[in-house]
Each structure stands twice: as structure tokens, then as C-alpha cells.
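Enquirer: Coordinates in model_19.cif, mmCIF, C-alpha atoms, are listed below.
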```
data_final
#
loop_
_atom_site.label_atom_id
_atom_site.label_comp_id
_atom_site.auth_asym_id
_atom_site.auth_seq_id
_atom_site.Cartn_x
_atom_site.Cartn_y
_atom_site.Cartn_z
CA MET A 112 -1.67 -36.96 -12.52
CA GLU A 113 -1.23 -35.95 -8.88
CA LEU A 114 1.56 -34.05 -7.18
CA ARG A 115 2.14 -36.98 -4.83
CA GLN A 116 2.91 -39.18 -7.85
CA LEU A 117 5.59 -36.69 -8.90
CA ARG A 118 7.05 -36.81 -5.38
CA TYR A 119 7.04 -40.61 -5.47
CA PHE A 120 8.76 -40.65 -8.85
CA ILE A 121 11.41 -38.14 -7.74
CA ALA A 122 12.12 -40.32 -4.70
CA VAL A 123 12.68 -43.49 -6.74
CA ALA A 124 14.62 -41.58 -9.41
CA GLU A 125 17.04 -40.34 -6.75
CA GLU A 126 17.20 -43.51 -4.66
CA LEU A 127 17.12 -45.95 -7.63
CA HIS A 128 15.58 -48.42 -5.18
CA PHE A 129 11.86 -48.94 -4.66
CA GLY A 130 12.14 -50.02 -1.05
CA ARG A 131 14.23 -47.03 0.06
CA ALA A 132 12.10 -44.65 -2.00
CA ALA A 133 8.90 -45.97 -0.40
CA GLN A 134 10.40 -45.50 3.07
CA ARG A 135 11.49 -41.96 2.16
CA VAL A 136 7.92 -40.89 1.33
CA HIS A 137 6.41 -42.91 4.17
CA ILE A 138 4.32 -45.38 2.17
CA ALA A 139 4.35 -49.17 1.90
CA GLN A 140 6.18 -50.52 -1.14
CA PRO A 141 3.26 -52.27 -2.92
CA PRO A 142 1.04 -49.15 -3.19
CA PHE A 143 4.17 -47.11 -3.96
CA SER A 144 5.01 -49.36 -6.90
CA GLN A 145 1.40 -49.19 -8.08
CA GLN A 146 1.49 -45.37 -8.10
CA ILE A 147 4.63 -45.38 -10.25
CA LYS A 148 3.03 -47.86 -12.64
CA SER A 149 -0.12 -45.71 -12.87
CA LEU A 150 2.01 -42.66 -13.59
CA GLU A 151 3.78 -44.42 -16.46
CA GLU A 152 0.46 -45.62 -17.87
CA GLU A 153 -1.01 -42.11 -17.73
CA ILE A 154 2.03 -40.59 -19.44
CA GLY A 155 2.28 -43.41 -21.96
CA ALA A 156 6.00 -43.88 -21.50
CA LYS A 157 8.31 -46.10 -19.51
CA LEU A 158 10.20 -43.97 -17.03
CA LEU A 159 12.17 -46.67 -15.19
CA GLU A 160 13.96 -49.87 -16.14
CA ARG A 161 13.88 -52.27 -13.25
CA ASN A 162 14.80 -55.87 -12.59
CA SER A 163 15.60 -57.92 -9.53
CA ARG A 164 19.03 -56.32 -9.20
CA LYS A 165 18.75 -52.63 -10.08
CA VAL A 166 16.61 -49.69 -11.12
CA ARG A 167 17.65 -47.09 -13.68
CA LEU A 168 16.04 -44.18 -15.46
CA THR A 169 15.14 -44.37 -19.11
CA GLU A 170 15.90 -41.41 -21.36
CA GLU A 171 12.25 -40.32 -20.95
CA GLY A 172 12.60 -40.84 -17.22
CA ARG A 173 15.64 -38.57 -16.99
CA TYR A 174 13.79 -35.79 -18.82
CA PHE A 175 10.64 -36.29 -16.75
CA TYR A 176 12.67 -36.21 -13.53
CA GLU A 177 14.10 -32.76 -14.37
CA GLN A 178 10.63 -31.44 -15.18
CA ALA A 179 9.06 -33.01 -12.10
CA VAL A 180 11.67 -31.39 -9.83
CA SER A 181 11.02 -28.00 -11.46
CA ILE A 182 7.24 -28.41 -11.14
CA LEU A 183 7.43 -29.25 -7.45
CA GLU A 184 9.85 -26.40 -6.76
CA GLN A 185 7.46 -23.96 -8.43
CA THR A 186 4.50 -25.47 -6.58
CA ASP A 187 6.25 -25.23 -3.23
CA LEU A 188 7.24 -21.64 -3.98
CA ALA A 189 3.66 -20.76 -4.97
CA VAL A 190 2.27 -22.36 -1.81
CA SER A 191 4.81 -20.56 0.37
CA THR A 192 4.21 -17.22 -1.33
CA VAL A 193 0.42 -17.47 -1.12
CA SER A 194 0.67 -18.48 2.54
CA ARG A 195 2.83 -15.46 3.28
CA MET A 196 0.49 -13.22 1.28
CA ALA A 197 -2.42 -14.48 3.38
CA LYS A 198 -0.48 -13.40 6.46
CA GLY A 199 0.40 -10.05 4.90
CA GLU A 200 4.10 -10.97 4.75
CA SER A 201 4.48 -10.87 0.95
CA GLY A 202 2.96 -9.16 -2.08
CA SER A 203 2.59 -5.48 -2.83
CA VAL A 204 0.68 -2.44 -1.60
CA LYS A 205 -0.21 0.39 -3.98
CA VAL A 206 -0.30 3.63 -2.00
CA GLY A 207 -1.48 7.10 -2.96
CA PHE A 208 -0.59 10.21 -1.00
CA MET A 209 -1.05 13.95 -1.03
CA GLU A 210 2.07 16.05 -0.55
CA ILE A 211 0.57 17.38 2.67
CA ALA A 212 0.14 13.84 4.02
CA MET A 213 3.87 13.22 3.71
CA ASP A 214 4.52 16.32 5.82
CA SER A 215 3.95 14.19 8.93
CA LEU A 216 5.06 10.91 10.51
CA LEU A 217 3.86 9.02 7.43
CA PRO A 218 7.29 8.62 5.76
CA GLU A 219 8.68 7.19 9.02
CA ALA A 220 5.68 4.84 9.32
CA ILE A 221 6.20 3.52 5.79
CA ARG A 222 9.94 3.13 6.39
CA ALA A 223 9.28 1.14 9.57
CA PHE A 224 6.83 -1.12 7.73
CA ARG A 225 9.28 -1.77 4.88
CA HIS A 226 12.05 -2.58 7.37
CA LYS A 227 9.88 -5.18 9.10
CA HIS A 228 8.21 -6.52 5.94
CA SER A 229 11.05 -6.50 3.42
CA ASP A 230 9.24 -8.89 1.04
CA VAL A 231 6.34 -6.47 0.57
CA SER A 232 6.67 -3.92 -2.23
CA VAL A 233 5.24 -0.51 -1.33
CA LEU A 234 4.46 1.33 -4.58
CA ILE A 235 3.87 5.04 -3.91
CA SER A 236 2.16 7.64 -6.14
CA GLN A 237 1.57 11.32 -5.40
CA LEU A 238 -2.05 12.15 -6.25
CA GLY A 239 -4.70 14.66 -5.27
CA ALA A 240 -7.62 13.67 -3.06
CA SER A 241 -10.17 13.19 -5.86
CA ALA A 242 -7.81 11.06 -7.94
CA GLN A 243 -6.92 8.91 -4.94
CA LEU A 244 -10.52 8.18 -3.99
CA GLU A 245 -11.40 7.27 -7.57
CA ARG A 246 -8.42 4.94 -7.94
CA ILE A 247 -9.06 3.27 -4.60
CA ARG A 248 -12.64 2.64 -5.67
CA SER A 249 -11.45 1.07 -8.96
CA ASP A 250 -8.74 -0.98 -7.14
CA GLU A 251 -5.90 0.84 -8.87
CA LEU A 252 -4.77 1.82 -5.36
CA ASP A 253 -4.98 -0.25 -2.18
CA VAL A 254 -4.81 2.64 0.26
CA GLY A 255 -4.64 6.41 0.14
CA PHE A 256 -3.51 9.15 2.51
CA SER A 257 -5.69 12.09 1.78
CA THR A 258 -8.33 14.54 2.80
CA VAL A 259 -11.82 13.17 2.20
CA PHE A 260 -15.06 14.81 1.18
CA MET A 261 -18.70 14.07 1.80
CA HIS A 262 -19.73 13.13 -1.73
CA GLY A 263 -16.60 11.13 -2.61
CA MET A 264 -16.68 8.30 -0.06
CA GLU A 265 -19.22 5.88 -1.50
CA GLY A 266 -17.85 2.34 -1.18
CA LEU A 267 -14.83 3.55 0.80
CA ALA A 268 -13.80 3.38 4.44
CA SER A 269 -11.46 5.73 6.27
CA ILE A 270 -9.79 6.48 9.56
CA ARG A 271 -8.35 9.87 10.55
CA LEU A 272 -4.61 9.81 11.16
CA PHE A 273 -3.94 13.41 12.19
CA SER A 274 -5.09 17.02 12.00
CA LYS A 275 -3.06 20.19 11.48
CA LYS A 276 -4.02 23.79 12.06
CA HIS A 277 -3.81 26.34 9.28
CA VAL A 278 -1.76 29.50 9.62
CA LEU A 279 -1.30 32.32 7.16
CA ALA A 280 1.96 32.29 5.22
CA VAL A 281 3.23 35.70 4.08
CA PRO A 282 6.48 36.98 2.54
CA ASP A 283 9.14 37.91 5.07
CA ASP A 284 8.92 41.59 4.05
CA HIS A 285 5.11 41.79 4.44
CA ALA A 286 3.64 44.22 6.98
CA PHE A 287 1.80 41.30 8.63
CA THR A 288 5.12 39.94 9.96
CA ARG A 289 4.91 42.56 12.73
CA LYS A 290 1.68 41.01 14.00
CA LYS A 291 1.37 38.08 16.42
CA SER A 292 -1.96 36.96 14.91
CA LEU A 293 -4.38 37.91 12.15
CA SER A 294 -8.13 38.21 11.69
CA LEU A 295 -9.98 37.00 8.61
CA LYS A 296 -11.04 40.62 8.03
CA GLU A 297 -7.38 41.58 7.64
CA ILE A 298 -6.65 38.54 5.46
CA ALA A 299 -9.63 39.23 3.17
CA LYS A 300 -7.91 42.39 1.91
CA GLU A 301 -4.87 40.43 0.66
CA LYS A 302 -4.30 38.52 -2.58
CA LEU A 303 -4.97 34.95 -1.52
CA ILE A 304 -3.31 31.90 -3.08
CA MET A 305 -5.58 28.84 -2.81
CA PHE A 306 -5.33 25.15 -3.62
CA PRO A 307 -7.82 24.07 -6.34
CA ARG A 308 -11.28 23.12 -5.09
CA ALA A 309 -11.30 19.95 -7.22
CA GLY A 310 -8.62 18.38 -5.06
CA GLN A 311 -10.15 19.16 -1.65
CA PRO A 312 -13.72 20.42 -2.16
CA ASP A 313 -14.93 20.16 1.44
CA LEU A 314 -11.87 21.93 2.84
CA HIS A 315 -12.01 24.61 0.14
CA ASP A 316 -15.70 25.23 0.86
CA SER A 317 -15.07 25.33 4.62
CA ILE A 318 -12.42 27.99 4.17
CA MET A 319 -14.71 30.09 1.98
CA GLN A 320 -17.55 29.68 4.51
CA ALA A 321 -15.27 30.89 7.31
CA PHE A 322 -15.03 34.18 5.39
CA SER A 323 -18.64 34.37 4.20
CA LYS A 324 -20.19 33.89 7.66
CA ARG A 325 -18.35 37.05 8.67
CA GLY A 326 -19.60 38.88 5.58
CA LEU A 327 -16.21 38.71 3.88
CA VAL A 328 -15.20 37.78 0.32
CA PRO A 329 -11.53 36.85 -0.09
CA ILE A 330 -9.54 37.99 -3.12
CA ILE A 331 -8.32 34.76 -4.77
CA SER A 332 -5.48 35.76 -7.07
CA GLN A 333 -3.81 32.40 -7.80
CA GLU A 334 -4.45 28.67 -7.59
CA VAL A 335 -1.59 26.21 -7.11
CA SER A 336 -1.70 22.47 -6.52
CA GLY A 337 1.42 21.82 -4.42
CA LEU A 338 3.06 23.09 -1.25
CA SER A 339 6.35 23.87 -2.96
CA GLY A 340 4.56 25.88 -5.65
CA ALA A 341 2.59 27.83 -3.06
CA ALA A 342 5.75 28.52 -1.07
CA ALA A 343 7.49 29.83 -4.19
CA LEU A 344 4.63 32.20 -5.02
CA ILE A 345 4.42 33.51 -1.45
CA SER A 346 8.15 34.14 -1.08
CA SER A 347 8.17 35.98 -4.41
CA GLY A 348 5.45 38.35 -3.16
CA MET A 349 2.62 37.01 -5.36
CA GLY A 350 0.22 36.69 -2.44
CA VAL A 351 -0.48 35.00 0.88
CA ALA A 352 -1.80 31.49 1.57
CA PHE A 353 -3.11 29.22 4.27
CA LEU A 354 -0.46 26.61 5.01
CA LEU A 355 -0.07 24.12 7.82
CA ASP A 356 1.49 24.91 11.17
CA ASN A 357 4.50 22.91 12.38
CA SER A 358 5.32 21.84 8.85
CA HIS A 359 8.59 20.19 7.82
CA VAL A 360 8.45 21.76 4.34
CA SER A 361 11.24 24.26 3.76
CA ARG A 362 9.82 27.76 3.38
CA THR A 363 12.69 30.19 2.94
CA GLY A 364 11.48 33.78 2.79
CA ILE A 365 8.14 33.01 4.42
CA THR A 366 6.67 33.89 7.83
CA LEU A 367 3.80 31.91 9.37
CA ILE A 368 1.22 33.81 11.44
CA PRO A 369 -1.65 32.30 13.49
CA VAL A 370 -5.28 33.11 12.64
CA ILE A 371 -7.36 34.55 15.50
CA GLU A 372 -10.76 33.09 14.59
CA GLU A 373 -11.81 29.46 14.55
CA PHE A 374 -10.64 28.16 11.21
CA PRO A 375 -10.89 24.78 9.38
CA SER A 376 -8.08 22.33 10.11
CA MET A 377 -6.46 19.96 7.64
CA ASP A 378 -7.54 16.40 8.44
CA ILE A 379 -5.61 13.58 6.79
CA PHE A 380 -7.26 10.17 6.55
CA MET A 381 -6.13 6.70 5.60
CA VAL A 382 -8.66 5.49 3.00
CA TRP A 383 -9.35 2.06 1.52
CA ASN A 384 -11.96 0.14 -0.45
CA LYS A 385 -14.17 -1.54 2.14
CA ASP A 386 -15.25 -4.24 -0.34
CA SER A 387 -11.80 -5.09 -1.73
CA CYS A 388 -8.77 -5.12 0.53
CA SER A 389 -5.90 -7.63 0.39
CA ASN A 390 -4.41 -9.15 3.53
CA THR A 391 -1.10 -7.47 2.71
CA ALA A 392 -2.82 -4.07 2.51
CA LYS A 393 -4.59 -4.77 5.81
CA VAL A 394 -1.31 -5.50 7.58
CA PHE A 395 0.20 -2.35 6.07
CA MET A 396 -2.70 -0.21 7.29
CA GLU A 397 -2.63 -1.76 10.76
CA ARG A 398 1.08 -0.94 11.09
CA VAL A 399 0.53 2.66 9.95
CA ALA A 400 -2.41 3.06 12.34
CA ASP A 401 -0.24 1.76 15.18
CA TYR A 402 2.48 4.25 14.25
CA PHE A 403 0.00 7.12 14.52
CA SER A 404 -1.52 5.63 17.70
CA VAL A 405 -5.04 5.71 16.28
CA SER A 406 -7.81 3.25 17.11
CA LYS A 407 -7.68 -0.31 15.85
CA ILE A 408 -9.07 -0.76 12.32
CA ILE A 409 -12.04 -3.07 11.80
CA PHE A 410 -12.11 -4.14 8.16
CA ASN A 411 -15.86 -4.34 7.62
CA GLY A 412 -16.31 -0.84 6.26
CA THR A 413 -16.07 0.91 9.61
CA SER A 414 -13.17 2.02 11.73
#
```
In C-alpha cells, what does this structure look like?

Expert:
Amino acid sequence: MELRQLRYFIAVAEELHFGRAAQRVHIAQPPFSQQIKSLEEEIGAKLLERNSRKVRLTEEGRYFYEQAVSILEQTDLAVSTVSRMAKGESGSVKVGFMEIAMDSLLPEAIRAFRHKHSDVSVLISQLGASAQLERIRSDELDVGFSTVFMHGMEGLASIRLFSKKHVLAVPDDHAFTRKKSLSLKEIAKEKLIMFPRAGQPDLHDSIMQAFSKRGLVPIISQEVSGLSGAAALISSGMGVAFLLDNSHVSRTGITLIPVIEEFPSMDIFMVWNKDSCSNTAKVFMERVADYFSVSKIIFNGTS
């Protein structure tokens, strides 16, 4: 059975006239009639009663007509949806992000994409860098917004969206608030709150190396995984921490002070699986890249 036979049958079922039905589907009447006959033979049931004066549906024909209409509607919908998916206009994108990544233009970029592509579902999960990279590799995520690290990028591609400088965050009543800038030697004497190495190993190691190359060993008193948690500990006097400059995160009770020496920045990348990337995800990433005014993405594993 072919879809065209269903279309032919629907035409004659609605027209109840072979000549008009044949004209409607743009086919000559003899081959049209033969297609209807072949359809009935394949089904093993008479769908139409016809004589020289009129055509009418049998009981089987009425049932088959309803099913044929439904089948073609579903087929047309599937074809339309797949076509739109191929153009990146439909489907879904599973996105992972670090809290720090959202402290940027990223929320506005996602909002702009959703406004223009309302038929695309953007499913967002907050995850650390390691978890994001692993889930992108296993196709549980389409794209991530994260820091990256040297030994975690096998099979993945990335493009840097932005960088932010670190500053030292201290409680408002700390003696450091009287200073315009701080040295790592001064900071090394304080109780330092750090983010866990597992989430951002390269950045963590770079920060520790910044101290060690000056012969310093920082006093790490606490580890906390989120910005809000770090801010709470700092404002309560539990220690100091490296946070990002020009952040939108509310930090009541905290003062941010620049670091004198060269210090690692926070680089946020857009990451995807270079061997498995849907057209919808590609369109999403292109729109985000445009929003951040970064170079055009080439989806062959490089950027």
C-alpha cells in the first residue's frame, strides 16, 4: 500500500465521483480507477459501491476513510516536523550550565533564541564542569556552558565565549577593605574559601600555581560549590574567596578588591560533542555565538 493510494481514495471518498477525484489529484481516470481497484484487492475489502449513476462508500469504506485521513495527517505532520528539525526550527536542545556562566549575557542570549525559535524546547540543567563534559560526551546534553580542562575534552569541541578577571571578595568589615589592591602574599595569610578542584581542575591548579611560584602556600579553610554559598560564607566572616569582577550576583556585606599580580581568569566555553550534534543544537549554538560576537562555528570538531 502506498500513500498516494490513500490520497486517491480520500479524493474519491469526498468527491463520490471518479472523474472529479482523478482531476483533483491530477491523474487520468483509467489509472486512477486501477489504483483504487488495486487498493481494494490488497485490503481484501470493497470500499466503494459504484454504478453508472453514483458512487458511495461501503461501511468498510467509511471506516477506512477516517483512518486514511488520520494517517495522512500524521504523515504530513511528521514530514513538516522533520523538515523543520533539519532547519533547526523545531525539536529540543538540552543545555548544561555552571552558575558562573549564567552571570553573563548568556540568559539574554537564550531568551533571544527562544523568542525567535518558539517551537524549540530549551531544557536547562545546572551542572559542574566535569558533569557537563561527561554528559555531553554521552549525548545526555547537547551543549554546555562551562570551564574546560585539558584532560576532559576528548571527543568534544569548544569555543570560548568570554573571560572574567578574578578579584578577592572579603567581608565589609575586613581590614583589606581599606586597600585599593592586594598582593598574593597578603592573601596567603587569610583563610581562603575555594571551589572544589573536581569541578574546575585546571583553574584550581592555576590558582594554586600562582601562589606556589611565589613561594606561597594558601590556607584553604573551606570548599563550596556555588557562588551564593561562597558569598554567604564570606559575608559571615568565614574567610575570603576569589570571585569574578563585574558580577551580577548579589553580594550584600562583601567588598571586592583587585589583585596586583597576574592571576588566572575565568574562561567560559560553549562545549559540544563534535561527533554528535543535531541541527537544532547547531542553530542554537550559532545564535548564542552571534550574541557573544565570537567567531563563526565550524561543526567539524574545530571552531

Enquirer: For the structure provided, state which residues fall under the PyMOL selection byres ((chain A and resi 150) around 12), and present them as an MDAnalysis selection string.

Expert: chainID A and resid 112:121 143:149 151:159 172 175

Enquirer: What does the distance from atom CA of A:Ser404 to atom CA of A:Leu216 come to in Å, to one decimal?

Expert: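 Result for atom CA of A:Ser404 versus atom CA of A:Leu216: 11.1 Å, one decimal.
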
Enquirer: Which residue, A:Phe256, A:Phe129, A:Phe306, A:Phe395, has the smallest gap to A:Ile379 when you use all atoms listed in the file?

Expert: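 Once distances to A:Ile379 are computed over all atoms listed in the file, the minimum belongs to A:Phe256.
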
Enquirer: From the list A:Ala392, A:Val180, A:Ala309, A:Ala220, which residue is nearest A:Ile247 when using all atoms listed in the file?

Expert: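 Counting all atoms listed in the file, the residue closest to A:Ile247 is A:Ala392.
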
Enquirer: State, in Å with one decimal place, the distance from atom CA of A:Leu295 to atom CA of A:Phe380.

Expert: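 Separation between atom CA of A:Leu295 and atom CA of A:Phe380: 27.0 Å.
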
Enquirer: If you count all atoms listed in the file, which residues fall within 9 Å of A:Asp283, apart from same-chain ones fewer than 4 positions away, as a list of chain:residue names?

Expert: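 With the cut-off at 9 Å, the set is A:Phe287, A:Thr288, A:Ser346, A:Thr363, A:Gly364, A:Ile365, A:Thr366.
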
Enquirer: Give me the residues near A:Cys388 as a PyMOL selection string, where near means some atom within 12 Å (using only C-alpha atoms) and where sequence neighbours in that chain fewer than 3 positions away do not count.

Expert: chain A and resi 197+199+203-205+247-254+266-268+382-385+391-396+409-412

Enquirer: Complete the atoms of stretch 150-169 of chain A to N, CA, C and O atoms and put them out as a short mmCIF file (atom, residue, chain, number, x, y, z; two decimals), in the coordinates of the input.

Expert:
```
data_model
loop_
_atom_site.label_atom_id
_atom_site.label_comp_id
_atom_site.auth_asym_id
_atom_site.auth_seq_id
_atom_site.Cartn_x
_atom_site.Cartn_y
_atom_site.Cartn_z
N LEU A 150 1.43 -43.87 -12.99
CA LEU A 150 2.01 -42.66 -13.59
C LEU A 150 2.53 -42.96 -14.99
O LEU A 150 2.28 -42.19 -15.93
N GLU A 151 3.25 -44.04 -15.15
CA GLU A 151 3.78 -44.42 -16.46
C GLU A 151 2.65 -44.67 -17.45
O GLU A 151 2.74 -44.27 -18.62
N GLU A 152 1.59 -45.33 -16.98
CA GLU A 152 0.46 -45.62 -17.87
C GLU A 152 -0.23 -44.33 -18.31
O GLU A 152 -0.63 -44.19 -19.46
N GLU A 153 -0.37 -43.39 -17.39
CA GLU A 153 -1.01 -42.11 -17.73
C GLU A 153 -0.17 -41.32 -18.72
O GLU A 153 -0.69 -40.72 -19.66
N ILE A 154 1.14 -41.32 -18.54
CA ILE A 154 2.03 -40.59 -19.44
C ILE A 154 2.15 -41.30 -20.78
O ILE A 154 2.28 -40.66 -21.83
N GLY A 155 2.11 -42.62 -20.73
CA GLY A 155 2.28 -43.41 -21.96
C GLY A 155 3.73 -43.63 -22.31
O GLY A 155 4.09 -43.72 -23.49
N ALA A 156 4.57 -43.67 -21.28
CA ALA A 156 6.00 -43.88 -21.50
C ALA A 156 6.59 -44.61 -20.30
O ALA A 156 6.14 -44.44 -19.17
N LYS A 157 7.61 -45.40 -20.58
CA LYS A 157 8.31 -46.10 -19.51
C LYS A 157 9.38 -45.17 -18.95
O LYS A 157 10.25 -44.68 -19.67
N LEU A 158 9.29 -44.91 -17.65
CA LEU A 158 10.20 -43.97 -17.03
C LEU A 158 11.37 -44.67 -16.33
O LEU A 158 12.43 -44.06 -16.15
N LEU A 159 11.16 -45.93 -15.96
CA LEU A 159 12.17 -46.67 -15.19
C LEU A 159 12.37 -48.06 -15.79
O LEU A 159 11.41 -48.72 -16.23
N GLU A 160 13.61 -48.48 -15.83
CA GLU A 160 13.96 -49.87 -16.14
C GLU A 160 14.28 -50.54 -14.82
O GLU A 160 15.11 -50.05 -14.06
N ARG A 161 13.58 -51.61 -14.50
CA ARG A 161 13.88 -52.27 -13.25
C ARG A 161 13.89 -53.79 -13.44
O ARG A 161 13.12 -54.33 -14.25
N ASN A 162 14.76 -54.41 -12.68
CA ASN A 162 14.80 -55.87 -12.59
C ASN A 162 15.10 -56.24 -11.15
O ASN A 162 15.08 -55.39 -10.27
N SER A 163 15.39 -57.47 -10.91
CA SER A 163 15.60 -57.92 -9.53
C SER A 163 16.86 -57.33 -8.91
O SER A 163 17.02 -57.32 -7.69
N ARG A 164 17.76 -56.81 -9.74
CA ARG A 164 19.03 -56.32 -9.20
C ARG A 164 19.14 -54.80 -9.14
O ARG A 164 19.78 -54.25 -8.25
N LYS A 165 18.56 -54.08 -10.09
CA LYS A 165 18.75 -52.63 -10.08
C LYS A 165 17.60 -51.89 -10.75
O LYS A 165 16.80 -52.50 -11.49
N VAL A 166 17.58 -50.60 -10.51
CA VAL A 166 16.61 -49.69 -11.12
C VAL A 166 17.39 -48.57 -11.80
O VAL A 166 18.36 -48.05 -11.23
N ARG A 167 17.00 -48.22 -13.01
CA ARG A 167 17.65 -47.09 -13.68
C ARG A 167 16.61 -46.30 -14.47
O ARG A 167 15.56 -46.83 -14.85
N LEU A 168 16.92 -45.05 -14.69
CA LEU A 168 16.04 -44.18 -15.46
C LEU A 168 16.20 -44.41 -16.94
O LEU A 168 17.32 -44.58 -17.44
N THR A 169 15.07 -44.38 -17.65
CA THR A 169 15.14 -44.37 -19.11
C THR A 169 15.45 -42.94 -19.57
O THR A 169 15.48 -42.01 -18.76
#
```
